[in-house]
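Take a look at the structure below.
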Amino acid sequence: MQNFPGVGVSPGRIVAPVRQMPRPLADPPAGEKLAPGTTAEDAAEALKAAARTVQEELRRRAAEAAGDAKAVLEATALMATDPMLIKAAVKLINTGTSAERAVWEAAEAVAAMLVSLGGYMAERATDVLDVRARIVAALRGVPAPGIPASATPFILVAEDLAPADTATLDPSVVVALVTAGGGPQSHTAIIARSLGLPAVVAAAGVDRLPDGTEVYVDGAAGTISTEPGEGERAAATAWAANASTLAVFTGRGTTADGHLVPLLANVGGAKDAVKAAAAGAEGVGLLRTEFCFLERETEPSNAEQVEAYRGVFDAFPGRKVVVRTLDAGADKPLPFLTDATEPNPALGVRGYRTDAASPGVLERQLAAIAEAATGSTADVWVMAPMISTAAEAAHFASLCAAAGLKTPGVMVEVPSAAVTAESILREVEFASLGTNDLTQYTMAADRQLGPLAALNNPWQPAVLQLVRLTVAGSAAEGNGKPVGVCGEAAADPALAVVLVGLGVSTLSMSARSLAAVAAVLATVTLKEAREIATLALRATSPGEARERARGKLPILEELGL
């Protein structure tokens with residue numbers, strides 16, 4: 001038996017054979033020149049046409065997807081015709097290099113540059129290399145690399161997975177995901193959670209398992225084992241039985257003693273919102289408005305924005321819908337708004353900060369949100385990402401007031417916002433903790449990197465302390481303003497209990513996570529949740545914090561969570 005420890009990113013227990021992701025497309029030969037009779041102009045046009053073909057295919061797949069998968073595909077499609085990539089390739093073609101080799105070398109240089117920038121931009125390197133392979137395949141007239149076909153279910157294993165592949169896999173065939181690389185907030189992890197697939201990342205060596213090897217995957221524990229025995233098979237069978245139960249949410253989040261904890265959904269557009277409402281979500285805790293802006297060279301019009309937002313509001317009549325204003329920058333660069341040459345985009349002009357660099361975009365977005373809210377019965381709240389100071393919070397609140405929006409709030413993603421929550425919450429009506437960014441900024445650990453997964457963990461005692469400080473800031477001087485969580489941490493049932501114990505008032509997550517979180521919350525009283533939170537706070541490591549909390553929640557083992 002072989003064991004491969006990794007980082008569990010989506011719960012579930014599965015026994016099935018593995019299939020390895022096919023090897024990448026072969027490199028075009030080094031030094032490959034233009035074919036006889038082919039001009040540089042012809043090769044450049046062929047390259048651009050291939051890039052457009054790839055972009056159109058990715059956009060087609062995006063149109064059929066929803067949620068996180070849609071956003072990933074849209075971002076990758078944008079990369080297919082990235083001016084930096086195309087210009088660099090054409091420059092090489094003009095020296096006599098073949099189109100295939102030119103785009104290969106140009107993409108290699110762009111990817112290396114992104115990796116050197118670190119942070120979110122390093123993750124975009126995967127997109128560039130994925131797009132490169134697709135463009136070369138289009139130039140060769142061969143199928144693009146992708147997930148292996150199979151008539152029977154299997155566990156997909158890879159070094160890492162390209163966003164475009166992960167976003168459109170078939171969960172009826174691919175029953176779990178395992179990667180040797182990646183991190184807890186990689187595209188693979190995020191999409192696995194949204195699809196409800198058990199998944200483990202950063203499991204070194206697993207990509208060397210032969211095809212057909214039967215393994216046991218525990219997505220909660222973060223382990224993969226070969227030669228599963230009767231115990232593992234029984235656990236997988238129990239999980240399959242529980243999975244159907246955990247797919248149904250009653251529409252009311254509460255602790256065992258009746259303390260209400262509204263369970264909301266993170267959505268990326270109207271289609272997501274309709275599905276979340278059907279899943280019983282009590283509202284929207286995070287509407288990612290980037291879906292309106294991606295794949296565009298220019299800012300969307302007022303009419304386009306109003307139509308997009310109204311579709312979400314209409315899905316939740318009479319319910320709370322929290323809109324996050326445009327979080328451009330870092331991993332979501334926009335040609336008309338962000339500077340792609342920033343040396344460290346994760347710490348650069350992103351989120352609310354773009355208002356200083358490009359005044360007017362935020363005000364026009366707020367006007368569109370206000371217009372969309374007119375005539376809707378949804379209770380529309382609006383929050384700004386990447387707020388660091390009370391002055392920024394006050395300015396955002398003034399912009400909301402000018403637009404006629406009555407409930408302004410802030411995202412707490414920067415440690416300074418958590419530490420000064422008391423003064424920030426004097427300026428706005430609520431706060432929402434973005435635990436993904438809060439964790440990486442607190443621990444100075446890129447959330448996409450597998451080697452830093454141990455640091456980049458929302459169970460870190462330092463992160464839990466910042467959650468506590470944020471809630472304490474709300475309670476100080478009678479502020480009493482709600483503090484929610486809309487980061488991935490809310491989807492972890494054990495961590496959800498800790499967050500409620502720390503005083504968080506609402507939890508927002510992917511619609512698929514609602515039932516599991518509700519089932520676990522219903523087994524503890526508020527007093528017990530507070531005691532569990534205290535145990536976690538006193539831990540000296542994320543592993544100890546997690547084990548302390550899970551030790552008080554036997555329901556997790558029963559449900560395989």
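Chain lettering (A, B, ...) mirrors the order of the structure tokens, residue numbering begins at 1 for each chain separately, and ligand numbering begins at 1 in order of display.
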* To do: Excluding A:Gln460 and residues on its chain fewer than 6 positions from it, collect all residues at most 8 Å away from it, counting only C-alpha atoms, and give them as a ChimeraX atom specification.
  => /A:439,541-542,545
File dump, residues just selected, C-alpha atoms, as a PDB file, in the first residue's frame:
ATOM      1  CA  THR A 439      -5.311  34.360   4.835  1.00  0.00           C
ATOM      2  CA  SER A 541      -1.047  25.592  14.515  1.00  0.00           C
ATOM      3  CA  PRO A 542      -3.787  25.251  11.888  1.00  0.00           C
ATOM      4  CA  ALA A 545      -7.018  24.174  15.558  1.00  0.00           C
TER       5      ALA A 545
END
* To do: as a ChimeraX atom specification, list the residues of stretch 483-530 of chain A assigned to helix (DSSP H, G or I) by DSSP on the backbone atoms of this structure.
  => /A:488-491,493-501,511-521,526-530
* To do: May I ask for the distance between atom CA of A:Met443 and atom CA of A:Glu413, given in Å to one decimal place?
  =>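 One can read the atom CA of A:Met443 to atom CA of A:Glu413 distance as 12.1 Å.
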* Asked: Which residues in stretch 308-557 of chain A does DSSP call strand (DSSP E or B)? List them as number ranges by chain.
  -> A: 320-324, 329, 332, 379-384, 408-412, 430-433, 483-485, 506-509
* From A:Asn436, A:Thr76, A:Asn456, A:Thr188, residue lying nearest A:Gln55 [only C-alpha atoms] ->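 Of A:Asn436, A:Thr76, A:Asn456, A:Thr188, the one nearest A:Gln55, counting only C-alpha atoms, is A:Thr76.
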